[in-house]
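This is start_24.csv (CSV, C-alpha atoms and all ligand atoms).
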chain,number,residue,atom,x,y,z
A,120,MET,CA,69.2,106.3,87.2
A,121,SER,CA,68.9,103.4,84.9
A,122,SER,CA,71.0,100.3,85.6
A,123,VAL,CA,74.6,100.1,84.6
A,124,ARG,CA,76.1,96.6,84.0
A,125,LEU,CA,79.2,95.7,85.8
A,126,GLN,CA,81.0,94.7,82.6
A,127,ASP,CA,83.9,96.2,80.7
A,128,ARG,CA,84.5,98.7,83.5
A,129,THR,CA,87.7,99.6,85.3
A,130,ILE,CA,87.0,98.8,88.9
A,131,TRP,CA,89.2,99.5,92.0
A,132,ILE,CA,88.3,97.3,94.9
A,133,THR,CA,90.0,97.6,98.3
A,134,GLY,CA,90.2,94.7,100.8
A,135,ALA,CA,90.3,92.1,97.9
A,136,SER,CA,92.5,89.5,99.5
A,137,THR,CA,89.9,87.7,101.6
A,138,GLY,CA,86.2,87.5,102.5
A,139,ILE,CA,83.6,89.6,100.7
A,140,GLY,CA,86.2,91.5,98.7
A,141,LYS,CA,87.8,88.4,97.3
A,142,THR,CA,84.6,86.8,96.2
A,143,LEU,CA,83.4,90.1,94.8
A,144,ALA,CA,86.7,90.5,92.8
A,145,GLU,CA,86.4,87.0,91.5
A,146,ARG,CA,82.8,87.7,90.2
A,147,LEU,CA,83.8,91.0,88.7
A,148,ILE,CA,86.7,89.4,86.8
A,149,THR,CA,84.3,86.7,85.5
A,150,LEU,CA,82.0,89.4,84.3
A,151,GLY,CA,84.7,90.9,82.1
A,152,ASN,CA,85.9,93.9,84.0
A,153,ARG,CA,89.5,95.3,84.5
A,154,LEU,CA,90.3,95.2,88.2
A,155,ILE,CA,92.7,97.1,90.4
A,156,ILE,CA,92.9,95.1,93.6
A,157,THR,CA,94.2,96.4,97.0
A,158,SER,CA,95.1,94.9,100.4
A,159,ARG,CA,98.3,95.1,102.5
A,160,LYS,CA,100.3,92.3,100.9
A,161,ALA,CA,100.7,91.7,97.2
A,162,GLU,CA,101.2,87.9,97.7
A,163,SER,CA,97.7,87.5,99.0
A,164,LEU,CA,96.3,89.1,95.9
A,165,LYS,CA,98.3,86.9,93.5
A,166,PRO,CA,95.6,84.2,93.2
A,167,LEU,CA,93.2,86.9,91.8
A,168,LYS,CA,95.7,88.2,89.4
A,169,ASP,CA,96.3,84.6,88.1
A,170,LEU,CA,92.6,84.4,87.1
A,171,ALA,CA,93.1,87.1,84.4
A,172,PRO,CA,96.7,88.4,84.4
A,173,ASP,CA,96.0,91.0,81.6
A,174,ARG,CA,92.9,92.5,83.3
A,175,VAL,CA,94.0,92.5,87.0
A,176,HIS,CA,96.4,95.0,88.5
A,177,ILE,CA,97.8,94.5,92.0
A,178,LEU,CA,98.1,97.7,94.1
A,179,ALA,CA,99.2,96.8,97.5
A,180,ALA,CA,98.9,99.4,100.3
A,181,ASP,CA,98.1,99.8,103.9
A,182,ILE,CA,95.2,102.3,103.8
A,183,SER,CA,95.7,103.2,107.5
A,184,ARG,CA,99.1,104.7,106.6
A,185,PRO,CA,99.2,108.0,104.7
A,186,ALA,CA,102.7,107.3,103.1
A,187,SER,CA,101.5,104.0,101.8
A,188,VAL,CA,98.4,105.6,100.3
A,189,ASP,CA,100.4,108.4,98.7
A,190,GLN,CA,102.6,105.8,97.0
A,191,MET,CA,99.5,103.9,95.9
A,192,ARG,CA,98.0,107.1,94.5
A,193,ASN,CA,101.1,107.9,92.5
A,194,GLU,CA,101.0,104.4,91.0
A,195,LEU,CA,97.2,104.6,90.3
A,196,THR,CA,97.5,108.0,88.5
A,197,SER,CA,100.6,106.9,86.5
A,198,ILE,CA,99.0,103.7,85.2
A,199,PHE,CA,95.3,104.6,84.8
A,200,ASP,CA,93.6,107.6,83.0
A,201,SER,CA,90.3,106.9,84.6
A,202,ILE,CA,88.4,104.6,87.0
A,203,ASP,CA,84.7,103.8,86.5
A,204,THR,CA,83.9,102.2,89.9
A,205,VAL,CA,85.6,102.3,93.3
A,206,ILE,CA,84.5,99.8,95.8
A,207,LEU,CA,85.7,100.8,99.3
A,208,ASN,CA,85.5,97.5,101.0
A,209,ALA,CA,88.7,97.2,103.2
A,210,GLY,CA,87.8,97.0,106.8
A,211,THR,CA,88.7,95.7,110.2
A,212,CYS,CA,86.7,94.9,113.4
A,213,GLU,CA,87.7,95.0,117.0
A,214,TYR,CA,85.2,94.8,119.9
A,215,VAL,CA,85.4,96.9,123.0
A,216,ASP,CA,85.8,95.4,126.5
A,217,THR,CA,84.8,98.0,129.0
A,218,ARG,CA,86.9,96.3,131.7
A,219,GLN,CA,89.9,97.5,129.7
A,220,PHE,CA,88.5,100.5,127.8
A,221,ASP,CA,91.2,101.3,125.2
A,222,SER,CA,91.0,104.4,123.0
A,223,GLU,CA,93.9,103.0,120.9
A,224,LEU,CA,91.5,100.3,119.7
A,225,PHE,CA,89.2,103.1,118.4
A,226,ASP,CA,92.2,104.6,116.6
A,227,ARG,CA,93.1,101.3,114.9
A,228,VAL,CA,89.5,100.7,113.7
A,229,ILE,CA,88.8,104.3,112.6
A,230,GLN,CA,92.1,104.6,110.7
A,231,VAL,CA,91.1,101.7,108.4
A,232,ASN,CA,87.3,101.8,108.3
A,233,PHE,CA,86.8,105.6,108.0
A,234,ILE,CA,90.0,107.6,107.5
A,235,GLY,CA,91.3,104.8,105.2
A,236,LEU,CA,88.1,105.0,103.2
A,237,ALA,CA,88.5,108.8,102.9
A,238,ARG,CA,92.2,108.4,101.8
A,239,CYS,CA,91.1,106.1,99.1
A,240,ILE,CA,88.4,108.5,97.9
A,241,GLU,CA,91.1,111.2,97.8
A,242,ALA,CA,93.3,108.9,95.8
A,243,SER,CA,90.7,108.1,93.2
A,244,LEU,CA,88.4,111.1,92.9
A,245,ASP,CA,90.2,112.7,89.9
A,246,LEU,CA,90.3,109.4,88.1
A,247,LEU,CA,86.5,109.0,88.7
A,248,ARG,CA,85.9,112.5,87.4
A,249,ALA,CA,87.8,111.4,84.2
A,250,SER,CA,85.5,108.4,83.6
A,251,SER,CA,82.9,108.6,80.8
A,252,LYS,CA,81.2,105.5,82.0
A,253,ALA,CA,78.8,106.6,84.8
A,254,PRO,CA,81.3,106.7,87.6
A,255,HIS,CA,80.3,105.2,90.9
A,256,ILE,CA,81.7,105.1,94.5
A,257,VAL,CA,80.5,102.2,96.6
A,258,GLY,CA,81.3,102.2,100.3
A,259,ILE,CA,80.8,99.3,102.7
A,260,SER,CA,79.1,100.3,105.9
A,261,SER,CA,77.4,97.6,108.1
A,262,ALA,CA,74.1,96.6,109.6
A,263,ALA,CA,76.0,97.5,112.8
A,264,ALA,CA,75.5,101.2,111.8
A,265,ILE,CA,71.7,100.9,112.2
A,266,THR,CA,71.6,100.9,115.9
A,267,GLY,CA,74.0,100.7,118.9
A,268,LEU,CA,74.9,97.1,119.6
A,269,PRO,CA,77.0,95.7,122.5
A,270,ARG,CA,80.8,96.0,122.2
A,271,ALA,CA,80.4,97.8,118.9
A,272,GLU,CA,81.4,101.3,120.2
A,273,ALA,CA,84.4,101.5,117.8
A,274,TYR,CA,83.3,99.3,114.9
A,275,GLY,CA,79.6,100.5,114.8
A,276,GLY,CA,80.9,104.1,115.2
A,277,SER,CA,83.3,103.7,112.3
A,278,LYS,CA,80.6,102.3,110.1
A,279,ALA,CA,78.1,105.0,111.1
A,280,ALA,CA,80.8,107.5,110.1
A,281,VAL,CA,81.1,105.8,106.7
A,282,GLU,CA,77.3,106.1,106.2
A,283,SER,CA,77.2,109.8,107.1
A,284,CYS,CA,80.2,110.6,105.0
A,285,LEU,CA,78.7,108.8,101.9
A,286,GLU,CA,75.3,110.4,102.4
A,287,SER,CA,77.0,113.9,102.2
A,288,LEU,CA,79.3,112.8,99.4
A,289,ALA,CA,76.3,111.7,97.3
A,290,LEU,CA,75.1,115.3,97.5
A,291,ASP,CA,78.4,116.9,96.8
A,292,LEU,CA,79.3,114.7,93.8
A,293,ASP,CA,76.0,114.8,92.1
A,294,LYS,CA,77.0,117.8,90.0
A,295,TYR,CA,80.0,115.8,88.6
A,296,GLY,CA,77.7,112.8,87.7
A,297,ILE,CA,79.4,110.5,90.2
A,298,ALA,CA,76.9,108.2,91.9
A,299,VAL,CA,77.4,107.0,95.5
A,300,SER,CA,76.0,103.8,97.1
A,301,ILE,CA,76.2,102.5,100.6
A,302,ILE,CA,76.2,98.7,101.3
A,303,TYR,CA,75.0,97.4,104.7
A,304,PRO,CA,75.9,93.7,105.0
A,305,GLY,CA,74.5,91.7,107.9
A,306,PHE,CA,76.6,88.8,109.1
A,307,VAL,CA,78.7,87.2,106.3
A,308,ASP,CA,80.9,84.2,106.8
A,309,THR,CA,84.5,85.6,106.4
A,310,PRO,CA,87.7,85.6,108.4
A,311,LEU,CA,86.5,88.8,110.0
A,312,THR,CA,83.3,87.2,111.5
A,313,ARG,CA,84.9,83.8,112.2
A,314,LYS,CA,86.5,85.5,115.3
A,315,ASN,CA,83.1,86.3,116.7
A,316,ASP,CA,82.1,84.5,119.9
A,317,PHE,CA,78.4,85.4,119.8
A,318,PRO,CA,75.4,84.1,117.7
A,319,MET,CA,75.2,85.6,114.2
A,320,PRO,CA,71.6,85.4,113.0
A,321,PHE,CA,71.0,84.9,109.3
A,322,LEU,CA,74.7,84.4,108.6
A,323,MET,CA,75.3,84.4,104.8
A,324,SER,CA,77.9,83.0,102.5
A,325,THR,CA,80.2,85.5,100.7
A,326,GLU,CA,78.6,84.2,97.4
A,327,SER,CA,75.1,85.2,98.5
A,328,ALA,CA,76.3,88.6,99.9
A,329,VAL,CA,78.1,89.3,96.6
A,330,GLY,CA,75.0,88.4,94.6
A,331,LYS,CA,73.1,91.1,96.5
A,332,MET,CA,75.9,93.6,96.2
A,333,ILE,CA,76.3,93.2,92.4
A,334,SER,CA,72.6,93.5,91.7
A,335,GLY,CA,72.4,96.6,94.1
A,336,ILE,CA,75.4,98.2,92.5
A,337,GLU,CA,74.2,97.5,88.9
A,338,SER,CA,70.7,99.0,89.7
A,339,ARG,CA,72.5,102.0,91.3
A,340,LYS,CA,70.6,101.8,94.5
A,341,PHE,CA,71.7,104.3,97.1
A,342,ARG,CA,71.4,101.9,100.0
A,343,VAL,CA,71.9,98.1,99.6
A,344,ALA,CA,71.1,96.3,102.8
A,345,PHE,CA,70.9,92.5,103.4
A,346,PRO,CA,69.7,90.1,104.6
A,347,ALA,CA,66.2,91.7,104.8
A,348,ARG,CA,65.2,89.9,108.0
A,349,LEU,CA,68.2,91.2,110.0
A,350,ILE,CA,68.0,94.7,108.5
A,351,TRP,CA,64.3,95.1,109.4
A,352,SER,CA,64.8,93.7,112.9
A,353,LEU,CA,67.6,96.3,113.5
A,354,LYS,CA,65.6,99.1,111.9
A,355,LEU,CA,62.6,98.2,114.1
A,356,MET,CA,64.8,98.1,117.1
A,357,SER,CA,66.2,101.6,116.3
A,358,MET,CA,62.7,103.0,116.1
A,359,LEU,CA,61.6,101.7,119.5
A,360,PRO,CA,61.2,104.1,122.4
A,361,ASP,CA,64.6,104.4,124.1
A,362,THR,CA,63.6,102.4,127.2
A,363,LEU,CA,62.4,99.5,125.1
A,364,ARG,CA,65.4,99.6,122.7
A,365,HIS,CA,67.7,99.7,125.7
A,366,LYS,CA,66.0,96.6,127.3
A,367,LEU,CA,66.2,94.7,124.0
A,368,GLY,CA,69.9,95.7,123.6
A,369,LEU,CA,70.6,94.5,127.2
A,370,SER,CA,69.3,91.1,126.3
A,371,MET,CA,72.2,90.9,123.8
A,372,VAL,CA,74.9,91.8,126.3
A,373,LYS,CA,77.1,88.9,127.3
A,374,ASP,CA,79.8,88.8,130.0
A,375,ASN,CA,80.9,92.4,129.5
A,376,PRO,CA,80.4,94.2,132.8
B,1,LIG,N1,81.7,89.9,107.3
B,1,LIG,C1,80.7,90.6,107.7
B,1,LIG,O1,79.7,90.0,108.4
B,1,LIG,C2,80.6,92.0,107.5
B,1,LIG,C3,79.4,92.7,107.9
B,1,LIG,C4,79.2,94.0,107.7
B,1,LIG,C5,80.2,94.7,107.1
B,1,LIG,N2,81.4,94.1,106.7
B,1,LIG,C6,82.4,94.9,106.1
B,1,LIG,O2,82.7,94.3,104.8
B,1,LIG,C7,84.1,94.6,104.5
B,1,LIG,C8,84.8,93.3,104.2
B,1,LIG,O3,84.8,92.5,105.3
B,1,LIG,P1,85.1,91.0,105.4
B,1,LIG,O4,84.2,90.4,106.3
B,1,LIG,O5,85.2,90.4,104.0
B,1,LIG,O6,86.5,91.0,106.1
B,1,LIG,P2,87.9,90.3,105.8
B,1,LIG,O7,87.8,88.9,105.2
B,1,LIG,O8,88.7,90.4,107.1
B,1,LIG,O9,88.6,91.2,104.7
B,1,LIG,C9,89.0,92.5,105.0
B,1,LIG,C10,89.9,93.0,103.9
B,1,LIG,O10,90.3,94.3,104.2
B,1,LIG,C11,91.7,94.3,104.0
B,1,LIG,N3,92.4,95.3,104.9
B,1,LIG,C12,92.3,95.3,106.3
B,1,LIG,N4,93.0,96.2,106.8
B,1,LIG,C13,93.6,96.9,105.7
B,1,LIG,C14,94.5,98.0,105.6
B,1,LIG,N5,95.0,98.6,106.7
B,1,LIG,N6,94.9,98.3,104.4
B,1,LIG,C15,94.4,97.7,103.3
B,1,LIG,N7,93.6,96.7,103.3
B,1,LIG,C16,93.2,96.2,104.6
B,1,LIG,C17,92.2,92.9,104.3
B,1,LIG,O11,93.4,92.6,103.6
B,1,LIG,P3,94.8,92.3,104.4
B,1,LIG,O12,94.5,91.9,105.8
B,1,LIG,O13,95.3,91.2,103.5
B,1,LIG,O14,95.6,93.6,104.2
B,1,LIG,C18,91.1,92.1,103.6
B,1,LIG,O15,91.3,92.0,102.2
B,1,LIG,C19,84.7,95.3,105.7
B,1,LIG,O16,84.6,96.7,105.5
B,1,LIG,C20,83.7,94.9,106.8
B,1,LIG,O17,83.7,95.9,107.9
B,1,LIG,C21,81.6,92.8,106.9
Rendering of file as structure tokens:
Amino acid sequence: MSSVRLQDRTIWITGASTGIGKTLAERLITLGNRLIITSRKAESLKPLKDLAPDRVHILAADISRPASVDQMRNELTSIFDSIDTVILNAGTCEYVDTRQFDSELFDRVIQVNFIGLARCIEASLDLLRASSKAPHIVGISSAAAITGLPRAEAYGGSKAAVESCLESLALDLDKYGIAVSIIYPGFVDTPLTRKNDFPMPFLMSTESAVGKMISGIESRKFRVAFPARLIWSLKLMSMLPDTLRHKLGLSMVKDNP
């Protein structure tokens, strides 16, 4: 498909209060779009609303809670006739410690990263179908979905689920003219990664990451992955014979017996 400028569109972005989502929302406002912005607390979205009060609508919700998403869906459908782009960016990360293996951790991560994403698709699909401006669903997976990495059992699993879901969705929504894209960021400097206690190769700023995301979304690429050096390293690792891939993976394991 030919490219579609991110300008004069109605765009819903989840996880807009901090990190990648916040920088992306700022850029999309500057480019002249109408934005619906979501995260759990309305106060944390206020600085974005102040940038363009007439073009920014705050829609606070906890996407891990069905009742909260139902309320959000009612508000969405009562205010908007259509949405042109949905950017499913809200996410969380918790790392597994096999000394205290905790399935509740998996539940917390999957409820936001995967089930929460599905809830937001459910809430917006009719509005996307009503768009006459080349509707587009953009979901944020992760470079961590490319191959199994230490302590990423829950986070990597949730992002691999996002990838698989969106690959299928792209097939099923094609007949409605709704495009789907998957974004695979590497390490981006945000509150989410500032908690990491391991080296983060090729760490990027949110500004650089958002630049790549905007050009990928505008050119309607199905997969947008960056930075190239990290993505290709992980892809090569995933293609190695299992014994070699395992050895390389073990070299990344820290004090996690
Ligand atoms: N940073 C990276 O290196 C990196 C790499 C690969 C993929 N990603 C993905 O990129 C996305 C953005 O990450 P980030 O690094 O920008 O993280 P971040 O700064 O922690 O931002 C996460 C956003 O998600 C929102 N959120 C979290 N739980 C939510 C919930 N239950 N309901 C509604 N909103 C919720 C947060 O808002 P509140 O807490 O205010 O509700 C916040 O706005 C995530 O999906 C992440 O997995 C990030």
Nearby polymer residues, ligand LIG 1 (chain B), at most 6 Å, only C-alpha atoms and all ligand atoms, as a PyMOL selection string: chain A and resi 134-140+158-160+180-183+208-211+231+259-261+304-312
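Taking atom CA of Phe220 of chain A and atom CA of Tyr303 of chain A as the two end points, the separation is 26.9 Å.
Remark: for Leu353 of chain A, the closest of the candidate residues A:Ala289, A:Ile265, A:Ile301, A:Ser251 is A:Ile265 (distances computed over all atoms listed in the file).
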Point-to-point distance from atom CA of Ala249 of chain A to atom CA of Asp203 of chain A, Å rounded to tenths: 8.5 Å
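Coordinates place atom CA of Cys212 of chain A at a distance of 24.5 Å from atom CA of Ser243 of chain A.
The residue that comes closest to Gln126 of chain A, out of A:Ala273, A:Ala264, A:Ile336, A:Tyr295 and on the basis of all atoms listed in the file, is A:Ile336.
Nearest residue to Leu236 of chain A among A:Asp189, A:Met332, A:Ala144, A:Thr133 is A:Thr133, counting all atoms listed in the file.
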Nearest-residue call for Arg227 of chain A, choices A:Asn193, A:Phe345, A:Ser277, A:Val123, using all atoms listed in the file: A:Ser277
For Arg153 of chain A: contacts at 9 Å, only C-alpha atoms, fewer than 4 positions along chain excluded, given as a PyMOL selection string: chain A and resi 126-131+147-148+171+173-176
Within 9 Å of file point (81.7, 103.8, 108.8), counting all atoms listed in the file, expressed as number ranges by chain: A: 229, 232-233, 236, 258-261, 264, 274-284
Any chance you can output those residues with C-alpha atoms as an mmCIF file, in the frame of the given file?
data_model
loop_
_atom_site.group_PDB
_atom_site.id
_atom_site.type_symbol
_atom_site.label_atom_id
_atom_site.label_comp_id
_atom_site.auth_asym_id
_atom_site.auth_seq_id
_atom_site.Cartn_x
_atom_site.Cartn_y
_atom_site.Cartn_z
ATOM 1 C CA ILE A 229 88.800 104.300 112.600
ATOM 2 C CA ASN A 232 87.300 101.800 108.300
ATOM 3 C CA PHE A 233 86.800 105.600 108.000
ATOM 4 C CA LEU A 236 88.100 105.000 103.200
ATOM 5 C CA GLY A 258 81.300 102.200 100.300
ATOM 6 C CA ILE A 259 80.800 99.300 102.700
ATOM 7 C CA SER A 260 79.100 100.300 105.900
ATOM 8 C CA SER A 261 77.400 97.600 108.100
ATOM 9 C CA ALA A 264 75.500 101.200 111.800
ATOM 10 C CA TYR A 274 83.300 99.300 114.900
ATOM 11 C CA GLY A 275 79.600 100.500 114.800
ATOM 12 C CA GLY A 276 80.900 104.100 115.200
ATOM 13 C CA SER A 277 83.300 103.700 112.300
ATOM 14 C CA LYS A 278 80.600 102.300 110.100
ATOM 15 C CA ALA A 279 78.100 105.000 111.100
ATOM 16 C CA ALA A 280 80.800 107.500 110.100
ATOM 17 C CA VAL A 281 81.100 105.800 106.700
ATOM 18 C CA GLU A 282 77.300 106.100 106.200
ATOM 19 C CA SER A 283 77.200 109.800 107.100
ATOM 20 C CA CYS A 284 80.200 110.600 105.000
#
Distance criterion (all atoms listed in the file): nearest to Ile202 of chain A out of A:Ile256, A:Val188, A:Val215, A:Leu164: A:Ile256
9 Å contact set for Glu326 of chain A, only C-alpha atoms, chain neighbours under 2 positions out, as a ChimeraX atom specification: /A:139,142-143,323-324,328-331
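Nearest residue to Gly151 of chain A among A:Leu125, A:Ala298, A:Leu170, A:Val228 is A:Leu125, counting all atoms listed in the file.
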Ser300 of chain A surroundings by all atoms listed in the file, 6 Å radius, close-in-sequence under 2 positions cut, as a PyMOL selection string: chain A and resi 257+341-342
